[in-house]
$ cat data_8.cif   # mmCIF, C-alpha atoms
data_work
#
loop_
_atom_site.label_atom_id
_atom_site.label_comp_id
_atom_site.auth_asym_id
_atom_site.auth_seq_id
_atom_site.Cartn_x
_atom_site.Cartn_y
_atom_site.Cartn_z
CA MET X 1 -34.86 173.90 44.76
CA ALA X 2 -32.69 176.15 42.64
CA GLU X 3 -33.77 176.92 39.09
CA GLU X 4 -31.47 175.61 36.38
CA THR X 5 -29.93 178.40 34.40
CA PRO X 6 -30.02 177.73 30.64
CA LYS X 7 -26.61 176.91 29.26
CA PRO X 8 -25.33 179.44 26.75
CA GLN X 9 -25.33 177.97 23.25
CA ALA X 10 -22.01 177.77 21.51
CA GLN X 11 -21.69 180.36 18.76
CA ALA X 12 -21.23 178.78 15.34
CA THR X 13 -18.00 179.82 13.67
CA VAL X 14 -17.99 181.22 10.15
CA TYR X 15 -16.33 178.02 8.97
CA GLU X 16 -19.17 175.92 10.30
CA LEU X 17 -21.57 178.19 8.43
CA ILE X 18 -19.50 177.83 5.28
CA LEU X 19 -19.63 174.04 5.61
CA TYR X 20 -23.38 174.24 6.07
CA ALA X 21 -23.78 176.37 2.94
CA PHE X 22 -21.36 174.06 1.08
CA ASN X 23 -23.52 171.05 1.89
CA LEU X 24 -26.67 172.90 0.81
CA LEU X 25 -25.11 173.87 -2.51
CA THR X 26 -23.65 170.45 -3.26
CA GLY X 27 -26.99 168.83 -2.42
CA TYR X 28 -28.68 171.21 -4.82
CA ALA X 29 -26.07 170.50 -7.51
CA TRP X 30 -26.73 166.74 -7.35
CA GLN X 31 -30.43 167.51 -7.63
CA ALA X 32 -29.93 169.90 -10.57
CA MET X 33 -27.90 167.29 -12.41
CA GLY X 34 -30.82 164.91 -12.10
CA TYR X 35 -29.13 162.41 -9.79
CA VAL X 36 -31.42 163.15 -6.85
CA VAL X 37 -35.20 163.51 -6.82
CA ASN X 38 -36.53 167.02 -6.32
CA PRO X 39 -38.49 166.72 -3.05
CA ALA X 40 -40.97 169.38 -4.17
CA THR X 41 -42.01 167.58 -7.38
CA GLY X 42 -40.98 164.01 -6.60
CA LYS X 43 -39.23 163.85 -9.98
CA THR X 44 -35.66 164.08 -11.23
CA GLU X 45 -35.05 167.23 -13.22
CA VAL X 46 -31.92 168.32 -15.06
CA ASN X 47 -30.82 171.94 -15.07
CA LEU X 48 -27.14 172.03 -15.89
CA GLU X 49 -26.90 175.80 -15.85
CA GLU X 50 -28.02 175.92 -12.22
CA ALA X 51 -25.87 172.92 -11.38
CA LYS X 52 -22.80 174.75 -12.67
CA ILE X 53 -23.56 177.84 -10.60
CA ALA X 54 -24.08 175.70 -7.48
CA ILE X 55 -20.77 173.87 -8.06
CA ASP X 56 -18.93 177.14 -8.75
CA CYS X 57 -20.22 178.63 -5.49
CA ALA X 58 -19.42 175.47 -3.53
CA ASP X 59 -15.90 175.55 -4.99
CA PHE X 60 -15.52 179.18 -3.92
CA LEU X 61 -16.68 178.39 -0.38
CA ALA X 62 -14.35 175.41 -0.17
CA GLY X 63 -11.48 177.75 -1.00
CA LYS X 64 -12.39 179.89 2.00
CA LEU X 65 -12.14 176.97 4.40
CA GLY X 66 -8.37 176.85 4.06
CA ASP X 67 -6.71 175.19 7.05
CA HIS X 68 -9.54 176.11 9.41
CA VAL X 69 -11.13 172.67 9.28
CA GLU X 70 -9.84 169.21 10.13
CA PRO X 71 -7.72 167.63 7.37
CA GLU X 72 -10.27 164.81 7.01
CA VAL X 73 -13.09 167.32 6.49
CA ARG X 74 -11.00 169.18 3.93
CA LYS X 75 -10.28 165.95 2.04
CA GLU X 76 -13.96 165.08 2.05
CA VAL X 77 -14.86 168.54 0.73
CA GLU X 78 -12.32 168.15 -2.08
CA ARG X 79 -13.61 164.68 -2.89
CA VAL X 80 -17.22 165.88 -3.09
CA LEU X 81 -16.17 168.74 -5.39
CA ARG X 82 -14.23 166.40 -7.66
CA ASP X 83 -17.16 163.99 -7.88
CA LEU X 84 -19.54 166.83 -8.66
CA LYS X 85 -17.31 168.27 -11.39
CA LEU X 86 -16.73 164.90 -13.00
CA ASN X 87 -20.43 164.14 -13.01
CA TYR X 88 -21.16 167.58 -14.39
CA VAL X 89 -18.70 166.96 -17.26
CA SER X 90 -20.35 163.61 -17.92
CA ARG X 91 -23.87 165.07 -17.85
CA SER X 92 -22.80 167.93 -20.16
CA ALA X 93 -21.32 165.46 -22.62
CA GLU X 94 -24.58 163.47 -22.57
CA ALA X 95 -26.60 166.65 -23.09
CA SER X 96 -24.49 167.79 -26.04
CA LYS X 97 -24.78 164.31 -27.62
CA GLU X 98 -28.55 164.42 -27.33
CA ALA X 99 -28.73 167.96 -28.74
CA MET C 1 56.34 153.45 -60.50
CA GLY C 2 55.47 149.93 -59.38
CA LEU C 3 57.55 150.37 -56.26
CA THR C 4 55.82 153.67 -55.44
CA THR C 5 52.38 152.06 -55.77
CA PHE C 6 53.52 149.16 -53.61
CA ALA C 7 54.89 151.50 -50.96
CA ARG C 8 51.68 153.55 -50.99
CA ALA C 9 49.61 150.37 -50.61
CA ILE C 10 51.74 149.29 -47.65
CA ALA C 11 51.39 152.72 -46.03
CA ASP C 12 47.64 152.73 -46.66
CA GLY C 13 47.27 149.26 -45.18
CA ALA C 14 49.31 150.25 -42.12
CA GLY C 15 47.18 153.35 -41.66
CA ARG C 16 43.96 151.32 -41.80
CA LEU C 17 45.35 148.78 -39.37
CA LEU C 18 46.26 151.57 -36.98
CA TRP C 19 42.80 153.12 -37.32
CA LYS C 20 41.12 149.73 -36.75
CA THR C 21 43.26 149.09 -33.71
CA GLN C 22 42.38 152.50 -32.29
CA LEU C 23 38.68 151.86 -32.91
CA THR C 24 38.81 148.43 -31.27
CA LEU C 25 40.63 149.85 -28.28
CA ARG C 26 38.14 152.67 -27.92
CA THR C 27 35.14 150.33 -28.21
CA THR C 28 36.62 147.91 -25.70
CA GLY C 29 37.40 150.81 -23.37
CA LEU C 30 33.85 152.09 -23.56
CA GLN C 31 32.43 148.60 -22.96
CA LEU C 32 34.71 148.17 -19.99
CA LEU C 33 33.72 151.54 -18.61
CA SER C 34 30.01 150.84 -18.89
CA THR C 35 30.50 147.45 -17.23
CA VAL C 36 32.37 149.08 -14.37
CA ARG C 37 29.70 151.74 -14.04
CA ALA C 38 26.95 149.10 -13.89
CA LEU C 39 28.89 147.04 -11.39
CA PRO C 40 27.65 148.49 -8.08
CA GLU C 41 24.03 147.82 -9.02
CA THR C 42 24.85 144.34 -10.24
CA VAL C 43 26.79 143.60 -7.09
CA ALA C 44 23.90 144.89 -4.95
CA GLU C 45 21.52 142.65 -6.86
CA GLN C 46 23.85 139.70 -6.51
CA ILE C 47 24.14 140.25 -2.76
CA ARG C 48 20.37 140.43 -2.48
CA THR C 49 20.03 137.14 -4.34
CA TRP C 50 22.72 135.47 -2.22
CA ARG C 51 20.98 136.63 0.91
CA GLY C 52 17.82 134.94 -0.29
CA HIS C 53 15.88 138.06 -1.26
CA THR C 54 14.19 138.44 -4.61
CA LEU C 55 15.08 141.15 -7.09
CA ALA C 56 11.59 142.61 -6.68
CA MET C 57 11.10 146.03 -5.09
CA PRO C 58 11.00 145.64 -1.28
CA ILE C 59 7.56 146.06 0.30
CA ASP C 60 8.54 149.23 2.17
CA GLU C 61 9.72 150.86 -1.05
CA GLN C 62 6.52 149.79 -2.80
CA ARG C 63 4.48 151.32 -0.02
CA GLN C 64 6.44 154.57 -0.13
CA LEU C 65 6.16 154.83 -3.90
CA LEU C 66 2.45 154.02 -3.75
CA ALA C 67 1.86 156.82 -1.21
CA GLU C 68 3.62 159.34 -3.46
CA PHE C 69 1.86 158.00 -6.50
CA TYR C 70 -1.53 158.31 -4.83
CA GLU C 71 -0.94 161.99 -4.11
CA LYS C 72 0.02 162.65 -7.72
CA PHE C 73 -2.97 160.66 -8.88
CA GLU C 74 -5.33 162.85 -6.87
CA ASP C 75 -3.60 165.94 -8.33
CA LEU C 76 -4.16 164.56 -11.79
CA VAL C 77 -7.82 163.82 -11.13
CA GLU C 78 -8.31 167.33 -9.77
CA LEU C 79 -6.72 168.79 -12.90
CA ILE C 80 -8.91 166.70 -15.16
CA CYS C 81 -12.03 167.68 -13.18
CA ASP C 82 -11.20 171.40 -13.19
CA ALA C 83 -10.32 171.44 -16.90
CA GLY C 84 -13.46 169.50 -17.79
CA PHE C 85 -15.68 171.62 -15.60
CA ASN C 86 -14.34 174.91 -16.94
CA ALA C 87 -14.35 173.54 -20.52
CA ASP C 88 -10.85 174.95 -21.04
CA ALA C 89 -7.72 172.87 -20.56
CA THR C 90 -5.20 175.60 -21.43
CA PRO C 91 -4.65 177.01 -17.90
CA TYR C 92 -4.03 173.51 -16.58
CA GLN C 93 -1.73 172.23 -19.34
CA ALA C 94 1.58 173.21 -17.67
CA ARG C 95 0.67 171.52 -14.39
CA TYR C 96 -0.64 168.50 -16.33
CA GLU C 97 2.72 168.16 -18.08
CA GLU C 98 4.54 168.17 -14.72
CA VAL C 99 2.27 165.54 -13.19
CA ARG C 100 2.31 163.50 -16.40
CA ALA C 101 6.12 163.47 -16.56
CA TRP C 102 6.29 162.25 -12.95
CA MET C 103 3.70 159.54 -13.55
CA MET C 104 5.36 158.39 -16.77
CA ARG C 105 8.55 157.80 -14.76
CA ALA C 106 6.93 156.25 -11.70
CA TYR C 107 4.17 154.08 -13.15
CA PRO C 108 6.41 151.54 -14.94
CA LEU C 109 7.95 150.77 -11.53
CA LEU C 110 4.55 150.29 -9.92
CA LYS C 111 2.73 148.63 -12.79
CA PRO C 112 4.12 145.08 -12.34
CA TYR C 113 2.70 145.03 -8.80
CA MET C 114 -0.47 147.01 -9.42
CA SER C 115 -1.68 145.16 -12.52
CA ALA C 116 -3.09 142.35 -10.42
CA HIS C 117 -5.32 144.79 -8.54
CA LEU C 118 -6.71 146.72 -11.52
CA SER C 119 -10.04 146.12 -13.20
CA TYR C 120 -9.78 146.11 -16.96
CA ASP C 121 -12.13 147.52 -19.54
CA PRO C 122 -11.71 147.41 -23.32
CA SER C 123 -12.36 151.16 -23.52
CA ASP C 124 -9.12 151.86 -21.61
CA ALA C 125 -6.98 149.98 -24.12
CA GLU C 126 -8.87 151.51 -27.06
CA PHE C 127 -8.32 154.99 -25.68
CA GLY C 128 -4.57 154.45 -25.41
CA LEU C 129 -4.42 153.03 -28.92
CA SER C 130 -6.23 155.99 -30.39
CA VAL C 131 -4.33 158.66 -28.44
CA ALA C 132 -0.83 157.31 -27.83
CA GLY C 133 -0.55 154.35 -30.19
CA TYR C 134 -0.34 151.65 -27.52
CA ALA C 135 -2.88 149.80 -25.38
CA THR C 136 -3.21 151.26 -21.90
CA ASP C 137 -4.79 150.20 -18.63
CA ALA C 138 -7.17 152.46 -16.68
CA MET C 139 -4.32 154.28 -14.95
CA GLU C 140 -2.12 154.82 -18.01
CA ALA C 141 -5.11 156.00 -20.01
CA LEU C 142 -5.38 158.99 -17.66
CA PHE C 143 -1.96 160.37 -18.56
CA CYS C 144 -1.06 158.85 -21.93
CA ALA C 145 -2.24 161.89 -23.88
CA GLU C 146 0.33 164.66 -24.32
CA GLN C 147 -2.34 167.33 -24.23
CA LEU C 148 -4.95 167.61 -21.52
CA HIS C 149 -7.58 168.78 -23.97
CA THR C 150 -7.05 165.58 -26.00
CA LEU C 151 -7.81 163.55 -22.89
CA LEU C 152 -11.09 165.40 -22.44
CA GLU C 153 -12.10 165.62 -26.08
CA LYS C 154 -11.48 161.94 -26.84
CA ASP C 155 -13.44 160.81 -23.80
CA GLU C 156 -16.63 159.09 -24.85
CA GLY C 157 -18.32 158.97 -21.49
CA HIS C 158 -15.76 156.58 -19.98
CA LEU C 159 -13.80 159.08 -17.90
CA ILE C 160 -15.62 158.67 -14.58
CA GLY C 161 -15.50 154.88 -14.82
CA ARG C 162 -11.82 155.01 -15.76
CA ILE C 163 -10.95 157.20 -12.79
CA GLU C 164 -12.92 154.91 -10.48
CA ARG C 165 -11.18 151.80 -11.88
CA ALA C 166 -7.76 153.42 -11.38
CA ARG C 167 -8.61 154.63 -7.88
CA SER C 168 -10.04 151.24 -6.85
CA GLY C 169 -6.87 149.59 -8.14
CA LEU C 170 -4.78 151.86 -5.93
CA TYR C 171 -6.99 151.14 -2.90
CA ARG C 172 -6.83 147.38 -3.45
CA TYR C 173 -3.07 147.45 -3.91
CA ALA C 174 -2.68 149.53 -0.72
CA ASP C 175 -4.90 147.04 1.16
CA TYR C 176 -2.80 144.20 -0.15
CA LEU C 177 0.42 145.85 1.04
CA ARG C 178 -1.14 146.60 4.42
CA GLY C 179 -2.13 142.95 4.69
CA ILE C 180 1.43 141.81 4.01
CA ILE C 181 2.95 144.22 6.49
CA GLY C 182 0.33 143.38 9.11
CA THR C 183 1.03 139.62 8.96
#
$ encode --input "data_8.cif" --output "structure tokens"
Amino acid sequence: MAEETPKPQAQATVYELILYAFNLLTGYAWQAMGYVVNPATGKTEVNLEEAKIAIDCADFLAGKLGDHVEPEVRKEVERVLRDLKLNYVSRSAEASKEA
Amino acid sequence: MGLTTFARAIADGAGRLLWKTQLTLRTTGLQLLSTVRALPETVAEQIRTWRGHTLAMPIDEQRQLLAEFYEKFEDLVELICDAGFNADATPYQARYEEVRAWMMRAYPLLKPYMSAHLSYDPSDAEFGLSVAGYATDAMEALFCAEQLHTLLEKDEGHLIGRIERARSGLYRYADYLRGIIGT
């Protein structure tokens, strides 16, 4: 009985890595805006400064994707960014009202 | 002396009559010209009515206009998001003006059909009244302000809801058109 040779794993492209980092950053941005519970503390915490940095970086990464991803993926990335920015504007307005 | 005055009065009267005649002729000519110019459209409409069609925009044209409008709408939302996020509307003002001008021309054509699919909120009308001087729906409220910074500054926490209402209206209208074409 011949031994099965392990199949070589497909190498991730840089665009897949960018998408991975994009998802990490957007997830963090939602958390930093207080819309998602922080899994470490079990509470919602608002840190708009960090949220802005996360959104800025996600926006930068999205710009690098260009036409290297499927049009549907690109549209989804743009939609997520728009939602994040709008919610950031809304949260900032709330914060300045409270201040 | 009396004869001179009489002759002058006659000449004056004749001059006025001539001037009035010229004016009447010119006005009539202009009216005739505008009627002739409007004729092809009127004839097309008449033919449509005779053939049993309504004067409403045909479904295919509505669908085409809606597709173009949706693209511009997403451009507008992106502009609003970017300007709001960067807290500076100045770099986006020129592009906003372009998109706004297009939407101001296109929306009145779409509005009669889209109104039925829009959700209404008093804040949309109030926003239009305070910014442009007339009541607006959720869609119009997004481009009624001449300046992008006005749109952002006058927002009192209603912007996200307004965008969602406008977007949902577009989706519902598109579904409706798809339903008609599919049947």
$ atom_distance --input "data_8.cif" --atom1 "CA of Glu78 (chain C)" --atom2 "CA of Gly66 (chain X)"
16.8 Å
$ interface_residues --input "data_8.cif" --of "chain X" --to "chain C" --cutoff "12 Å" --atoms "all atoms listed in the file" --output "mmCIF file with C-alpha atoms, in the coordinates of the input"
data_model
loop_
_atom_site.group_PDB
_atom_site.id
_atom_site.type_symbol
_atom_site.label_atom_id
_atom_site.label_comp_id
_atom_site.auth_asym_id
_atom_site.auth_seq_id
_atom_site.Cartn_x
_atom_site.Cartn_y
_atom_site.Cartn_z
ATOM 1 C CA LEU X 48 -27.140 172.030 -15.890
ATOM 2 C CA GLU X 49 -26.900 175.800 -15.850
ATOM 3 C CA ALA X 51 -25.870 172.920 -11.380
ATOM 4 C CA LYS X 52 -22.800 174.750 -12.670
ATOM 5 C CA ILE X 53 -23.560 177.840 -10.600
ATOM 6 C CA ILE X 55 -20.770 173.870 -8.060
ATOM 7 C CA ASP X 56 -18.930 177.140 -8.750
ATOM 8 C CA ASP X 59 -15.900 175.550 -4.990
ATOM 9 C CA LYS X 75 -10.280 165.950 2.040
ATOM 10 C CA GLU X 78 -12.320 168.150 -2.080
ATOM 11 C CA ARG X 79 -13.610 164.680 -2.890
ATOM 12 C CA VAL X 80 -17.220 165.880 -3.090
ATOM 13 C CA LEU X 81 -16.170 168.740 -5.390
ATOM 14 C CA ARG X 82 -14.230 166.400 -7.660
ATOM 15 C CA ASP X 83 -17.160 163.990 -7.880
ATOM 16 C CA LEU X 84 -19.540 166.830 -8.660
ATOM 17 C CA LYS X 85 -17.310 168.270 -11.390
ATOM 18 C CA LEU X 86 -16.730 164.900 -13.000
ATOM 19 C CA ASN X 87 -20.430 164.140 -13.010
ATOM 20 C CA TYR X 88 -21.160 167.580 -14.390
ATOM 21 C CA VAL X 89 -18.700 166.960 -17.260
ATOM 22 C CA SER X 90 -20.350 163.610 -17.920
ATOM 23 C CA ARG X 91 -23.870 165.070 -17.850
ATOM 24 C CA SER X 92 -22.800 167.930 -20.160
ATOM 25 C CA ALA X 93 -21.320 165.460 -22.620
ATOM 26 C CA GLU X 94 -24.580 163.470 -22.570
ATOM 27 C CA ALA X 95 -26.600 166.650 -23.090
ATOM 28 C CA SER X 96 -24.490 167.790 -26.040
ATOM 29 C CA LYS X 97 -24.780 164.310 -27.620
#
$ atom_distance --input "data_8.cif" --atom1 "CA of Ser123 (chain C)" --atom2 "CA of Ala141 (chain C)"
9.4 Å
$ atom_distance --input "data_8.cif" --atom1 "CA of Ser130 (chain C)" --atom2 "CA of Thr150 (chain C)"
10.6 Å
$ resolve_selection --input "data_8.cif" --expression "the PyMOL selection byres ((chain X and resi 45) around 6)" --output "list in words"
Gly34, Thr44 and Val46 of chain X
$ resolve_selection --input "data_8.cif" --expression "the PyMOL selection byres ((chain C and resi 92-95) around 7)" --output "list in words"
Leu79, Ala83, Ala89, Thr90, Pro91, Tyr96, Glu97, Glu98, Val99, Gln147 and Leu148 of chain C
$ residues_around --input "data_8.cif" --residues "region 60-65 of chain X" --least-positions-apart "5" --cutoff "8 Å" --atoms "all atoms listed in the file" --output "PyMOL selection string"
chain X and resi 15+18-19+22+74+77-78
$ closest_residue --input "data_8.cif" --among "X:Gly42, X:His68, X:Ala32, X:Ala58" --to "Glu16 (chain X)" --atoms "only C-alpha atoms"
X:His68
$ residues_around --input "data_8.cif" --residues "Phe127 (chain C)" --least-positions-apart "3" --cutoff "10 Å" --atoms "all atoms listed in the file" --output "PyMOL selection string"
chain C and resi 122-124+130-138+140-142+144-145+151+154-156+158
$ axis_aligned_box --input "data_8.cif" --around "region 44-54 of chain X" --padding-each-side "4 Å" --output "JSON"
{"center_x": -29.2, "center_y": 171.0, "center_z": -11.7, "size_x": 20.9, "size_y": 21.8, "size_z": 16.4}
$ resolve_selection --input "data_8.cif" --expression "the PyMOL selection byres ((chain C and resi 109) around 12)" --output "VMD selection string"
chain C and resid 56 to 58 61 to 62 65 to 66 69 102 to 108 110 to 115
